[in-house]
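protein_13.pdb follows (PDB, C-alpha atoms, pLDDT in the B column):
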```
ATOM      1  CA  MET A   1     -78.178   5.031 -74.731  1.00 92.00           C
ATOM      2  CA  ASN A   2     -78.873   1.540 -73.428  1.00 93.00           C
ATOM      3  CA  SER A   3     -75.831  -0.584 -74.318  1.00 95.00           C
ATOM      4  CA  GLU A   4     -77.942  -3.507 -75.571  1.00 95.00           C
ATOM      5  CA  LEU A   5     -79.890  -1.260 -77.944  1.00 96.00           C
ATOM      6  CA  ALA A   6     -76.671   0.417 -79.061  1.00 97.00           C
ATOM      7  CA  ALA A   7     -75.210  -2.995 -79.904  1.00 97.00           C
ATOM      8  CA  LEU A   8     -78.381  -4.035 -81.742  1.00 97.00           C
ATOM      9  CA  ALA A   9     -78.468  -0.816 -83.756  1.00 97.00           C
ATOM     10  CA  GLN A  10     -74.983  -1.501 -85.058  1.00 96.00           C
ATOM     11  CA  GLN A  11     -76.053  -4.950 -86.299  1.00 96.00           C
ATOM     12  CA  VAL A  12     -79.169  -3.828 -88.214  1.00 96.00           C
ATOM     13  CA  LYS A  13     -78.903  -3.367 -91.998  1.00 91.00           C
ATOM     14  CA  GLY A  14     -78.509   0.271 -92.868  1.00 87.00           C
ATOM     15  CA  PHE A  15     -76.222   3.182 -93.597  1.00 87.00           C
ATOM     16  CA  MET A  16     -75.997   5.049 -90.267  1.00 94.00           C
ATOM     17  CA  PRO A  17     -72.521   5.045 -88.687  1.00 96.00           C
ATOM     18  CA  HIS A  18     -72.667   4.522 -84.934  1.00 97.00           C
ATOM     19  CA  ASP A  19     -71.273   7.950 -84.028  1.00 98.00           C
ATOM     20  CA  GLU A  20     -73.935   9.609 -86.178  1.00 98.00           C
ATOM     21  CA  GLY A  21     -76.582   7.328 -84.685  1.00 98.00           C
ATOM     22  CA  LEU A  22     -75.610   8.360 -81.175  1.00 98.00           C
ATOM     23  CA  ALA A  23     -75.770  12.026 -82.172  1.00 98.00           C
ATOM     24  CA  LEU A  24     -79.242  11.388 -83.589  1.00 98.00           C
ATOM     25  CA  TYR A  25     -80.217   9.644 -80.351  1.00 98.00           C
ATOM     26  CA  ARG A  26     -79.081  12.638 -78.297  1.00 98.00           C
ATOM     27  CA  ALA A  27     -81.031  15.053 -80.488  1.00 98.00           C
ATOM     28  CA  ALA A  28     -84.113  12.859 -80.190  1.00 98.00           C
ATOM     29  CA  ALA A  29     -83.733  12.666 -76.408  1.00 98.00           C
ATOM     30  CA  GLU A  30     -83.679  16.457 -76.337  1.00 97.00           C
ATOM     31  CA  ALA A  31     -86.919  16.688 -78.317  1.00 97.00           C
ATOM     32  CA  ALA A  32     -88.944  13.606 -77.389  1.00 96.00           C
ATOM     33  CA  SER A  33     -90.648  15.094 -74.329  1.00 94.00           C
ATOM     34  CA  LEU A  34     -91.930  18.036 -76.403  1.00 95.00           C
ATOM     35  CA  GLY A  35     -93.922  16.077 -78.994  1.00 97.00           C
ATOM     36  CA  PRO A  36     -93.804  13.228 -81.485  1.00 98.00           C
ATOM     37  CA  LEU A  37     -90.700  12.288 -83.439  1.00 98.00           C
ATOM     38  CA  VAL A  38     -90.976  11.576 -87.171  1.00 98.00           C
ATOM     39  CA  GLU A  39     -88.549   9.638 -89.338  1.00 98.00           C
ATOM     40  CA  ILE A  40     -88.704   9.719 -93.140  1.00 98.00           C
ATOM     41  CA  GLY A  41     -87.094   6.539 -94.442  1.00 95.00           C
ATOM     42  CA  SER A  42     -87.346   3.486 -92.172  1.00 93.00           C
ATOM     43  CA  TYR A  43     -85.572   0.890 -94.345  1.00 92.00           C
ATOM     44  CA  CYS A  44     -84.702  -1.948 -91.912  1.00 94.00           C
ATOM     45  CA  GLY A  45     -84.960   0.097 -88.730  1.00 96.00           C
ATOM     46  CA  LYS A  46     -81.371   0.985 -87.911  1.00 97.00           C
ATOM     47  CA  SER A  47     -81.965   4.672 -87.188  1.00 97.00           C
ATOM     48  CA  ALA A  48     -85.385   3.826 -85.726  1.00 98.00           C
ATOM     49  CA  VAL A  49     -83.563   2.031 -82.918  1.00 98.00           C
ATOM     50  CA  TYR A  50     -81.560   5.161 -82.063  1.00 98.00           C
ATOM     51  CA  LEU A  51     -84.623   7.396 -82.301  1.00 98.00           C
ATOM     52  CA  GLY A  52     -86.928   4.885 -80.630  1.00 98.00           C
ATOM     53  CA  ALA A  53     -84.549   4.393 -77.709  1.00 98.00           C
ATOM     54  CA  ALA A  54     -84.693   8.117 -76.998  1.00 98.00           C
ATOM     55  CA  ALA A  55     -88.471   8.198 -77.361  1.00 98.00           C
ATOM     56  CA  ALA A  56     -88.907   5.247 -75.001  1.00 97.00           C
ATOM     57  CA  GLU A  57     -86.737   6.830 -72.323  1.00 96.00           C
ATOM     58  CA  CYS A  58     -88.817  10.028 -72.460  1.00 93.00           C
ATOM     59  CA  GLY A  59     -92.226   8.357 -72.707  1.00 95.00           C
ATOM     60  CA  GLY A  60     -92.527   9.644 -76.274  1.00 97.00           C
ATOM     61  CA  VAL A  61     -93.337   8.094 -79.627  1.00 98.00           C
ATOM     62  CA  LEU A  62     -91.610   7.782 -82.992  1.00 98.00           C
ATOM     63  CA  PHE A  63     -93.553   7.571 -86.246  1.00 98.00           C
ATOM     64  CA  THR A  64     -91.348   6.050 -88.944  1.00 98.00           C
ATOM     65  CA  ILE A  65     -92.614   6.488 -92.510  1.00 97.00           C
ATOM     66  CA  ASP A  66     -91.597   4.478 -95.565  1.00 93.00           C
ATOM     67  CA  HIS A  67     -93.249   2.809 -98.565  1.00 85.00           C
ATOM     68  CA  HIS A  68     -90.689   0.012 -98.075  1.00 78.00           C
ATOM     69  CA  ARG A  69     -90.197  -0.468-101.818  1.00 79.00           C
ATOM     70  CA  GLY A  70     -86.764   1.138-101.710  1.00 62.00           C
ATOM     71  CA  SER A  71     -85.437   4.350-103.153  1.00 64.00           C
ATOM     72  CA  GLU A  72     -83.875   4.517-106.600  1.00 63.00           C
ATOM     73  CA  GLU A  73     -80.380   3.590-105.432  1.00 62.00           C
ATOM     74  CA  MET A  74     -81.728   0.406-103.780  1.00 56.00           C
ATOM     75  CA  GLN A  75     -83.225  -1.104-106.914  1.00 51.00           C
ATOM     76  CA  ALA A  76     -81.654  -3.961-108.881  1.00 60.00           C
ATOM     77  CA  GLY A  77     -78.485  -2.892-110.661  1.00 58.00           C
ATOM     78  CA  TRP A  78     -77.840   0.050-108.336  1.00 51.00           C
ATOM     79  CA  GLU A  79     -75.154   0.501-105.690  1.00 62.00           C
ATOM     80  CA  HIS A  80     -77.228  -0.194-102.570  1.00 60.00           C
ATOM     81  CA  HIS A  81     -79.384  -3.035-103.877  1.00 59.00           C
ATOM     82  CA  ASP A  82     -79.795  -5.911-101.405  1.00 67.00           C
ATOM     83  CA  PRO A  83     -81.256  -9.080-102.967  1.00 66.00           C
ATOM     84  CA  GLU A  84     -82.145 -10.382 -99.500  1.00 70.00           C
ATOM     85  CA  LEU A  85     -84.911  -7.769 -99.353  1.00 65.00           C
ATOM     86  CA  ILE A  86     -86.694  -8.954-102.498  1.00 70.00           C
ATOM     87  CA  ASP A  87     -90.148 -10.441-101.913  1.00 68.00           C
ATOM     88  CA  ARG A  88     -90.032 -13.758-103.772  1.00 71.00           C
ATOM     89  CA  ARG A  89     -93.753 -13.684-104.500  1.00 72.00           C
ATOM     90  CA  THR A  90     -93.875 -10.222-106.067  1.00 70.00           C
ATOM     91  CA  GLY A  91     -90.268  -9.794-107.164  1.00 65.00           C
ATOM     92  CA  ARG A  92     -90.286  -6.338-105.563  1.00 73.00           C
ATOM     93  CA  MET A  93     -88.233  -4.973-102.719  1.00 80.00           C
ATOM     94  CA  ASP A  94     -89.973  -5.032 -99.339  1.00 86.00           C
ATOM     95  CA  SER A  95     -88.079  -3.967 -96.221  1.00 87.00           C
ATOM     96  CA  LEU A  96     -91.156  -3.895 -93.955  1.00 90.00           C
ATOM     97  CA  PRO A  97     -90.770  -7.453 -92.572  1.00 91.00           C
ATOM     98  CA  VAL A  98     -87.183  -6.684 -91.559  1.00 93.00           C
ATOM     99  CA  LEU A  99     -88.250  -3.442 -89.869  1.00 95.00           C
ATOM    100  CA  ARG A 100     -90.877  -5.364 -87.889  1.00 96.00           C
ATOM    101  CA  ARG A 101     -88.287  -7.887 -86.714  1.00 96.00           C
ATOM    102  CA  THR A 102     -85.925  -5.074 -85.729  1.00 97.00           C
ATOM    103  CA  LEU A 103     -88.601  -3.427 -83.579  1.00 98.00           C
ATOM    104  CA  ILE A 104     -89.432  -6.763 -81.934  1.00 98.00           C
ATOM    105  CA  ASP A 105     -85.763  -7.459 -81.199  1.00 98.00           C
ATOM    106  CA  ALA A 106     -85.354  -3.942 -79.773  1.00 98.00           C
ATOM    107  CA  GLY A 107     -88.487  -4.144 -77.630  1.00 98.00           C
ATOM    108  CA  LEU A 108     -89.759  -0.965 -79.276  1.00 98.00           C
ATOM    109  CA  GLU A 109     -93.072  -2.114 -80.776  1.00 97.00           C
ATOM    110  CA  ASP A 110     -95.014   0.033 -78.289  1.00 96.00           C
ATOM    111  CA  THR A 111     -92.847   3.108 -78.950  1.00 98.00           C
ATOM    112  CA  VAL A 112     -92.239   3.063 -82.704  1.00 98.00           C
ATOM    113  CA  VAL A 113     -95.257   3.288 -85.010  1.00 98.00           C
ATOM    114  CA  ALA A 114     -94.542   2.181 -88.581  1.00 98.00           C
ATOM    115  CA  ILE A 115     -96.517   4.024 -91.250  1.00 97.00           C
ATOM    116  CA  VAL A 116     -96.429   2.402 -94.687  1.00 96.00           C
ATOM    117  CA  GLY A 117     -96.857   4.988 -97.430  1.00 95.00           C
ATOM    118  CA  GLY A 118     -95.345   7.944 -99.202  1.00 94.00           C
ATOM    119  CA  SER A 119     -94.024  10.640 -96.897  1.00 96.00           C
ATOM    120  CA  VAL A 120     -95.565  13.535 -98.834  1.00 97.00           C
ATOM    121  CA  ALA A 121     -99.028  11.958 -98.670  1.00 97.00           C
ATOM    122  CA  VAL A 122     -98.660  11.404 -94.935  1.00 97.00           C
ATOM    123  CA  ALA A 123     -97.380  14.937 -94.354  1.00 98.00           C
ATOM    124  CA  ALA A 124    -100.502  16.377 -95.959  1.00 97.00           C
ATOM    125  CA  HIS A 125    -102.499  15.024 -93.025  1.00 97.00           C
ATOM    126  CA  TRP A 126     -99.956  15.672 -90.263  1.00 97.00           C
ATOM    127  CA  GLY A 127     -99.912  18.274 -87.505  1.00 97.00           C
ATOM    128  CA  SER A 128     -96.549  19.041 -85.929  1.00 97.00           C
ATOM    129  CA  ALA A 129     -93.473  17.221 -84.674  1.00 98.00           C
ATOM    130  CA  ALA A 130     -90.742  17.939 -82.151  1.00 98.00           C
ATOM    131  CA  LEU A 131     -88.162  16.333 -84.423  1.00 98.00           C
ATOM    132  CA  VAL A 132     -88.251  15.357 -88.080  1.00 98.00           C
ATOM    133  CA  PHE A 133     -85.450  13.193 -89.466  1.00 98.00           C
ATOM    134  CA  ILE A 134     -85.191  13.221 -93.265  1.00 98.00           C
ATOM    135  CA  ASP A 135     -83.407  10.153 -94.604  1.00 96.00           C
ATOM    136  CA  GLY A 136     -85.605   8.947 -97.456  1.00 92.00           C
ATOM    137  CA  GLY A 137     -84.875   9.003-101.176  1.00 88.00           C
ATOM    138  CA  HIS A 138     -81.668  10.874-101.939  1.00 89.00           C
ATOM    139  CA  GLY A 139     -82.544  11.809-105.506  1.00 89.00           C
ATOM    140  CA  ASP A 140     -83.271  15.424-106.331  1.00 94.00           C
ATOM    141  CA  ALA A 141     -87.063  15.188-106.505  1.00 94.00           C
ATOM    142  CA  PRO A 142     -87.734  12.996-103.434  1.00 94.00           C
ATOM    143  CA  ALA A 143     -85.287  14.795-101.143  1.00 96.00           C
ATOM    144  CA  HIS A 144     -86.644  18.251-101.920  1.00 98.00           C
ATOM    145  CA  ALA A 145     -90.227  16.976-101.751  1.00 97.00           C
ATOM    146  CA  ASP A 146     -89.582  15.549 -98.274  1.00 98.00           C
ATOM    147  CA  TYR A 147     -88.097  18.858 -97.153  1.00 98.00           C
ATOM    148  CA  GLU A 148     -90.977  20.895 -98.541  1.00 98.00           C
ATOM    149  CA  ALA A 149     -93.574  18.575 -97.010  1.00 98.00           C
ATOM    150  CA  TRP A 150     -92.034  18.116 -93.568  1.00 98.00           C
ATOM    151  CA  SER A 151     -89.927  21.138 -92.642  1.00 98.00           C
ATOM    152  CA  PRO A 152     -93.083  23.214 -91.963  1.00 98.00           C
ATOM    153  CA  LYS A 153     -94.223  20.500 -89.531  1.00 98.00           C
ATOM    154  CA  VAL A 154     -91.300  21.126 -87.152  1.00 98.00           C
ATOM    155  CA  MET A 155     -92.706  22.967 -84.142  1.00 98.00           C
ATOM    156  CA  PRO A 156     -91.088  26.191 -82.878  1.00 97.00           C
ATOM    157  CA  GLY A 157     -87.983  25.183 -80.979  1.00 97.00           C
ATOM    158  CA  GLY A 158     -88.084  21.755 -82.613  1.00 98.00           C
ATOM    159  CA  LEU A 159     -85.355  19.986 -84.536  1.00 98.00           C
ATOM    160  CA  LEU A 160     -84.883  19.000 -88.166  1.00 98.00           C
ATOM    161  CA  ALA A 161     -82.261  16.322 -88.823  1.00 98.00           C
ATOM    162  CA  ILE A 162     -80.894  15.506 -92.277  1.00 98.00           C
ATOM    163  CA  HIS A 163     -78.650  12.553 -93.096  1.00 97.00           C
ATOM    164  CA  ASP A 164     -75.937  12.193 -95.740  1.00 96.00           C
ATOM    165  CA  VAL A 165     -75.054  15.873 -95.938  1.00 97.00           C
ATOM    166  CA  PHE A 166     -71.739  16.036 -97.807  1.00 96.00           C
ATOM    167  CA  PRO A 167     -70.304  19.489 -98.547  1.00 92.00           C
ATOM    168  CA  ASP A 168     -67.777  17.891-100.925  1.00 93.00           C
ATOM    169  CA  PRO A 169     -69.558  16.429-103.991  1.00 90.00           C
ATOM    170  CA  ALA A 170     -66.880  13.739-104.179  1.00 89.00           C
ATOM    171  CA  ASP A 171     -68.199  12.264-100.914  1.00 89.00           C
ATOM    172  CA  GLY A 172     -71.869  11.888-101.828  1.00 85.00           C
ATOM    173  CA  GLY A 173     -74.945  13.120-103.634  1.00 86.00           C
ATOM    174  CA  ARG A 174     -76.038  16.760-103.543  1.00 94.00           C
ATOM    175  CA  PRO A 175     -79.758  16.749-102.595  1.00 96.00           C
ATOM    176  CA  PRO A 176     -79.330  16.210 -98.809  1.00 97.00           C
ATOM    177  CA  TYR A 177     -76.702  18.948 -98.782  1.00 97.00           C
ATOM    178  CA  GLU A 178     -79.005  21.199-100.786  1.00 98.00           C
ATOM    179  CA  ILE A 179     -81.956  20.752 -98.431  1.00 98.00           C
ATOM    180  CA  TRP A 180     -79.684  21.456 -95.457  1.00 98.00           C
ATOM    181  CA  LEU A 181     -78.745  24.752 -97.105  1.00 98.00           C
ATOM    182  CA  ARG A 182     -82.439  25.431 -97.724  1.00 98.00           C
ATOM    183  CA  ALA A 183     -83.148  24.877 -94.039  1.00 98.00           C
ATOM    184  CA  LEU A 184     -80.504  27.431 -93.060  1.00 98.00           C
ATOM    185  CA  ASP A 185     -81.902  29.884 -95.607  1.00 98.00           C
ATOM    186  CA  ASP A 186     -85.376  29.299 -94.145  1.00 98.00           C
ATOM    187  CA  GLY A 187     -84.219  30.374 -90.690  1.00 98.00           C
ATOM    188  CA  PHE A 188     -83.282  27.090 -89.025  1.00 98.00           C
ATOM    189  CA  ALA A 189     -80.183  27.458 -86.848  1.00 98.00           C
ATOM    190  CA  GLU A 190     -77.247  25.052 -86.827  1.00 97.00           C
ATOM    191  CA  HIS A 191     -77.410  22.784 -83.789  1.00 98.00           C
ATOM    192  CA  VAL A 192     -75.427  19.543 -84.291  1.00 97.00           C
ATOM    193  CA  ALA A 193     -72.964  18.303 -86.905  1.00 98.00           C
ATOM    194  CA  GLU A 194     -71.651  14.734 -86.646  1.00 98.00           C
ATOM    195  CA  GLY A 195     -70.172  13.111 -89.716  1.00 97.00           C
ATOM    196  CA  SER A 196     -72.796  13.495 -92.439  1.00 97.00           C
ATOM    197  CA  LEU A 197     -75.615  14.151 -89.950  1.00 98.00           C
ATOM    198  CA  ARG A 198     -76.840  17.716 -89.573  1.00 98.00           C
ATOM    199  CA  VAL A 199     -79.395  18.856 -86.995  1.00 98.00           C
ATOM    200  CA  VAL A 200     -80.889  22.326 -87.141  1.00 98.00           C
ATOM    201  CA  ARG A 201     -83.385  24.033 -84.840  1.00 98.00           C
ATOM    202  CA  ARG A 202     -86.445  26.063 -85.726  1.00 98.00           C
ATOM    203  CA  PRO A 203     -86.475  29.381 -83.840  1.00 96.00           C
ATOM    204  CA  LEU A 204     -89.095  29.835 -81.141  1.00 93.00           C
ATOM    205  CA  SER A 205     -90.568  32.785 -83.008  1.00 78.00           C
TER     206      SER A 205
END
```

Mind converting the file's structure to structure tokens?
Amino acid sequence: MNSELAALAQQVKGFMPHDEGLALYRAAAEAASLGPLVEIGSYCGKSAVYLGAAAAECGGVLFTIDHHRGSEEMQAGWEHHDPELIDRRTGRMDSLPVLRRTLIDAGLEDTVVAIVGGSVAVAAHWGSAALVFIDGGHGDAPAHADYEAWSPKVMPGGLLAIHDVFPDPADGGRPPYEIWLRALDDGFAEHVAEGSLRVVRRPLS
């Protein structure tokens, strides 16, 4: 990965450790020449830099999907709330302006396409993807809804990446771990494990 982009990625607001980001980058580089990459959960663009860097190197494209109003744990009074992301006019969270600045700083505006909306609604009108990265809402309903909407979109031989997979409940919430187990039950094969990042591959047939 380009050292300047790697340095930028580490400075962007977000929750992706650098070693996991590099593993995500390598998975994306493996898939980007086969078809589009899709990210569920843009936030401020940290993981989009890792994914977008891989897409740019392969002449591919990343679609990053988020409503930019924040998941439950990012709202006021919750653990991951960031008051800097509150729109002063509306009083609501809005991470889209920060994502746009991240893409400008990274030189990835022509590679990363930001889609503003709910991931399930977008998935209903989507074809296929070479890689889908699920890192949206971590509550039970949104995590399982993202899996159900997007796992069928992974093309044969393509990759499904899931963030914040913690086998030990003391380390983190259960839904990402649960959808990783669902993926294995649905026939995806283990491919990469780095920290809390899991990447699985859909069989060719």

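The closest residue to Phe15 (chain A), picked from A:Arg202, A:His125, A:His163, A:His68 and counting only C-alpha atoms, is A:His163.
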
Go through A:Ile162, A:Ala31, A:Ala6, A:Leu197 and flag the residue nearest Gly137 (chain A), using only C-alpha atoms for the distances.
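When distances to Gly137 (chain A) are compared using only C-alpha atoms, the smallest one comes from A:Ile162.
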
Give me, please, the distance in Å between CA of Ala54 (chain A) and CA of Val112 (chain A), quoted to one decimal.
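Between CA of Ala54 (chain A) and CA of Val112 (chain A) the gap is 10.7 Å.
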
Distance in Å - CA of Gly107 (chain A) versus CA of Phe133 (chain A):
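Between these atoms lies a distance of 21.2 Å.
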
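Put simply, the PyMOL selection byres ((chain A and resi 151-158) around 9) in this file takes in Ala31, Leu34, Gly35, Ala123, Trp126, Gly127, Ser128, Ala129, Ala130, Leu131, Val132, Asp146, Tyr147, Glu148, Ala149, Trp150, Leu159, Leu160, Ala183, Val200, Arg201, Arg202, Pro203, Leu204 and Ser205 of chain A.
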
Measure the distance from CA of Asn2 (chain A) to CA of Leu96 (chain A) in Å and round it to one decimal.
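So the two atoms, CA of Asn2 (chain A) and CA of Leu96 (chain A), lie 24.5 Å apart.
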
Tell me which of A:Ile179, A:Ala124, A:Ile115, A:Leu24 sits closest to Ser42 (chain A), counting all atoms listed in the file.
A:Ile115
